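A.B. asks: Input file: model-v9.cif. Contents: mmCIF, C-alpha atoms.
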```cif
data_my_file
loop_
_atom_site.label_atom_id
_atom_site.label_comp_id
_atom_site.auth_asym_id
_atom_site.auth_seq_id
_atom_site.Cartn_x
_atom_site.Cartn_y
_atom_site.Cartn_z
CA MET A 1 8.83 -60.95 -11.86
CA LEU A 2 6.53 -58.74 -13.94
CA ARG A 3 8.22 -55.88 -15.71
CA PHE A 4 6.23 -52.79 -16.66
CA ASP A 5 7.19 -51.00 -19.88
CA PRO A 6 5.00 -47.93 -20.50
CA PHE A 7 6.38 -47.52 -24.03
CA SER A 8 5.81 -51.05 -25.35
CA ASP A 9 2.44 -50.23 -26.93
CA MET A 10 3.86 -47.11 -28.56
CA ASP A 11 6.89 -49.04 -29.79
CA ALA A 12 4.69 -51.79 -31.29
CA TRP A 13 2.50 -49.18 -32.98
CA ALA A 14 5.52 -47.32 -34.43
CA ARG A 15 7.15 -50.56 -35.62
CA GLY A 16 3.90 -51.54 -37.33
CA MET A 17 3.64 -48.19 -39.07
CA LEU A 18 7.25 -48.33 -40.29
CA THR A 19 7.14 -51.91 -41.52
CA GLY A 20 3.59 -51.77 -42.84
CA SER A 21 2.39 -54.65 -40.67
CA ALA A 22 -0.37 -52.50 -39.19
CA ALA A 23 -1.95 -51.59 -42.53
CA GLY A 24 -4.18 -53.64 -44.80
CA THR A 25 -4.94 -57.31 -44.71
CA ALA A 26 -2.62 -60.23 -45.35
CA ARG A 27 -3.45 -60.07 -49.08
CA THR A 28 -3.29 -56.27 -49.49
CA PRO A 29 -0.10 -54.47 -50.53
CA LYS A 30 1.35 -52.47 -47.70
CA PHE A 31 3.95 -50.36 -49.49
CA MET A 32 5.76 -49.77 -52.75
CA PRO A 33 9.54 -49.83 -52.21
CA LEU A 34 11.41 -47.34 -54.34
CA ASP A 35 14.83 -45.85 -54.99
CA LEU A 36 15.37 -42.21 -55.93
CA TYR A 37 18.67 -40.85 -57.21
CA LYS A 38 20.07 -38.08 -59.40
CA VAL A 39 22.06 -38.61 -62.60
CA ASP A 40 23.41 -35.54 -64.40
CA ASP A 41 20.38 -33.33 -65.16
CA HIS A 42 17.55 -35.65 -64.12
CA TYR A 43 16.29 -37.77 -61.24
CA MET A 44 15.50 -41.47 -61.51
CA LEU A 45 12.73 -43.03 -59.44
CA VAL A 46 12.70 -46.83 -59.56
CA ALA A 47 9.78 -48.63 -57.88
CA ASP A 48 9.12 -52.34 -57.43
CA LEU A 49 5.66 -53.35 -58.65
CA PRO A 50 5.89 -57.15 -58.93
CA GLY A 51 2.99 -58.69 -60.77
CA ALA A 52 1.19 -55.39 -61.33
CA ASP A 53 -1.25 -55.33 -64.21
CA PRO A 54 0.54 -53.09 -66.79
CA GLY A 55 -2.70 -51.40 -67.86
CA SER A 56 -3.47 -50.37 -64.28
CA ILE A 57 -0.25 -48.43 -63.70
CA ASP A 58 -0.86 -44.70 -63.38
CA VAL A 59 1.76 -41.98 -62.99
CA SER A 60 0.44 -38.44 -62.50
CA VAL A 61 1.63 -35.04 -61.30
CA ASP A 62 -0.72 -32.62 -59.58
CA ASN A 63 0.29 -29.47 -57.72
CA GLY A 64 3.89 -30.60 -57.24
CA VAL A 65 3.04 -34.14 -56.08
CA LEU A 66 4.02 -37.19 -58.15
CA THR A 67 1.54 -40.04 -57.58
CA LEU A 68 2.28 -43.64 -58.55
CA SER A 69 -0.48 -46.24 -58.40
CA ALA A 70 -0.99 -49.74 -59.73
CA GLN A 71 -3.29 -52.71 -59.29
CA ARG A 72 -2.37 -56.34 -58.82
CA SER A 73 -5.28 -58.71 -59.39
CA ALA A 74 -5.91 -61.53 -56.97
CA PRO A 75 -6.30 -65.05 -58.30
CA SER A 76 -9.77 -66.50 -58.07
CA ASP A 77 -10.60 -68.06 -54.69
CA GLU A 78 -13.22 -70.33 -56.24
CA GLY A 79 -12.43 -73.97 -55.52
CA VAL A 80 -9.07 -73.07 -53.96
CA GLN A 81 -7.84 -74.21 -50.58
CA TRP A 82 -5.02 -71.85 -49.67
CA LEU A 83 -2.00 -73.44 -47.98
CA ALA A 84 0.08 -70.28 -48.07
CA SER A 85 -0.89 -66.80 -49.23
CA GLU A 86 2.04 -64.39 -49.10
CA ARG A 87 1.77 -62.61 -52.47
CA PHE A 88 -0.08 -59.35 -52.15
CA SER A 89 -2.97 -58.25 -54.34
CA GLY A 90 -4.83 -54.98 -54.45
CA THR A 91 -3.80 -51.41 -55.05
CA TYR A 92 -0.30 -50.01 -54.60
CA ARG A 93 -0.01 -46.24 -54.14
CA ARG A 94 2.89 -43.93 -53.38
CA GLN A 95 3.28 -40.15 -53.47
CA VAL A 96 6.46 -38.10 -53.73
CA THR A 97 6.57 -34.32 -53.34
CA LEU A 98 8.51 -32.62 -56.13
CA GLY A 99 10.47 -29.39 -55.72
CA ASP A 100 10.25 -26.27 -57.84
CA SER A 101 13.34 -27.30 -59.79
CA ILE A 102 11.51 -30.11 -61.65
CA ASP A 103 10.26 -29.97 -65.25
CA SER A 104 6.96 -31.76 -64.62
CA ALA A 105 6.01 -31.63 -68.33
CA GLY A 106 9.08 -33.71 -69.20
CA ILE A 107 8.47 -36.61 -66.78
CA SER A 108 8.41 -40.02 -68.48
CA ALA A 109 7.76 -43.55 -67.19
CA ARG A 110 8.50 -47.13 -68.27
CA TYR A 111 7.36 -50.47 -66.78
CA ASP A 112 9.52 -53.50 -67.46
CA ASN A 113 9.82 -56.86 -65.64
CA GLY A 114 7.91 -55.68 -62.57
CA VAL A 115 9.90 -52.46 -62.19
CA LEU A 116 8.51 -48.98 -62.83
CA THR A 117 11.17 -46.45 -63.82
CA VAL A 118 10.23 -42.77 -63.80
CA THR A 119 12.61 -40.18 -65.29
CA ILE A 120 12.18 -36.75 -63.72
CA PRO A 121 14.09 -33.97 -65.53
CA VAL A 122 15.48 -30.91 -63.80
CA ALA A 123 13.97 -27.66 -65.11
CA GLU A 124 16.22 -25.49 -67.28
CA LYS A 125 15.87 -22.61 -64.83
CA ALA A 126 17.31 -24.79 -62.05
CA LYS A 127 20.32 -26.11 -63.98
CA PRO A 128 23.66 -24.58 -63.14
CA ARG A 129 24.89 -22.18 -65.77
CA ARG A 130 27.98 -20.10 -66.35
CA ILE A 131 27.52 -16.36 -66.47
CA GLU A 132 29.83 -14.44 -68.78
CA VAL A 133 31.55 -11.47 -67.24
CA GLU A 134 31.84 -8.53 -69.57
CA SER A 135 34.93 -6.36 -69.56
CA HIS A 136 35.38 -2.85 -70.97
CA ASN A 137 39.01 -2.26 -71.84
CA SER A 138 38.59 1.38 -72.86
CA SER A 139 39.93 3.92 -70.43
CA GLN A 140 37.39 6.21 -68.93
CA ALA A 141 38.08 9.67 -67.61
CA ILE A 142 36.74 10.35 -64.17
CA GLU A 143 35.64 13.90 -63.67
CA THR A 144 36.25 15.36 -60.30
CA GLY A 145 34.82 18.57 -59.20
CA THR A 146 35.57 20.72 -56.23
CA VAL A 147 32.83 21.37 -53.80
CA THR A 148 32.64 24.88 -52.53
#
```
I'd like the structure from this file rewritten - as structure tokens, please.
C.D. replies:
Amino acid sequence: MLRFDPFSDMDAWARGMLTGSAAGTARTPKFMPLDLYKVDDHYMLVADLPGADPGSIDVSVDNGVLTLSAQRSAPSDEGVQWLASERFSGTYRRQVTLGDSIDSAGISARYDNGVLTVTIPVAEKAKPRRIEVESHNSSQAIETGTVT
């Protein structure tokens, strides 16, 4: 019995887009997995960049968009007969939109053991603050007038 599923092509396409299997070649990076969380008065973005060339890592902010990119060089194919090739090479790139509450001038980044850690501080204007309430303890006379 032949079963017709009109959504199978759409499902395969969506699955490929979500898992990255539809993009790039077998030796091209498909995505850069990352974690993003908030600690006190700053955000931490931690991205996996295994084997990335440290000099190729670029972190930039332009018009409220944080862009991470890195390059992983491929080994030479000269005289090599590949039996398995599962390690990606090429360019990794990821963009994250930042809100207005970010101090983009204070962003810092560190690359250690294949992990890129970006510290994103919250702007002073966006930090919660306590507002002092003033009190006048002097008695004030209220003038009342009669309207005629």
A.B. asks: I'd like the residues picked by the PyMOL selection byres ((chain A and resi 68) around 7) written out as a PDB file with C-alpha atoms, in the coordinates of the input, using the chain letters and numbers from the file.
C.D. replies:
```pdb
ATOM      1  CA  ASP A  58      -0.860 -44.700 -63.380  1.00  0.00           C
ATOM      2  CA  VAL A  59       1.760 -41.980 -62.990  1.00  0.00           C
ATOM      3  CA  SER A  60       0.440 -38.440 -62.500  1.00  0.00           C
ATOM      4  CA  LEU A  66       4.020 -37.190 -58.150  1.00  0.00           C
ATOM      5  CA  THR A  67       1.540 -40.040 -57.580  1.00  0.00           C
ATOM      6  CA  SER A  69      -0.480 -46.240 -58.400  1.00  0.00           C
ATOM      7  CA  ARG A  93      -0.010 -46.240 -54.140  1.00  0.00           C
ATOM      8  CA  ARG A  94       2.890 -43.930 -53.380  1.00  0.00           C
ATOM      9  CA  GLN A  95       3.280 -40.150 -53.470  1.00  0.00           C
TER      10      GLN A  95
END
```
A.B. asks: Do you know which residues are at most 12 Å from A:Ala47 counting all atoms listed in the file, after dropping those on the same chain fewer than 4 positions away, and could you put them as a PyMOL selection string?
C.D. replies: chain A and resi 31-37+52+57+59+67-70+92-96+109-119
A.B. asks: If the PyMOL selection byres ((chain A and resi 72-82) around 9) is run on the structure shown, which residues does it catch, given as a list in words?
C.D. replies: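 With the PyMOL selection byres ((chain A and resi 72-82) around 9) on this model, the match is Arg27, Pro29, Leu49, Pro50, Gly51, Ala52, Asp53, Ser56, Ala70, Gln71, Leu83, Ala84, Ser85, Arg87, Phe88, Ser89, Gly90, Thr91 and Tyr92 of chain A.
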A.B. asks: For the structure shown, which residues end up in the PyMOL selection byres ((chain A and resi 126) around 10)? Put them as a PyMOL selection string, please?
C.D. replies: chain A and resi 41+100-103+122-125+127-129
A.B. asks: Take atom CA of A:Val65 and atom CA of A:Thr97 and report the distance between them in Å, one decimal.
C.D. replies: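 Value for the atom CA of A:Val65-atom CA of A:Thr97 distance: 4.5 Å.
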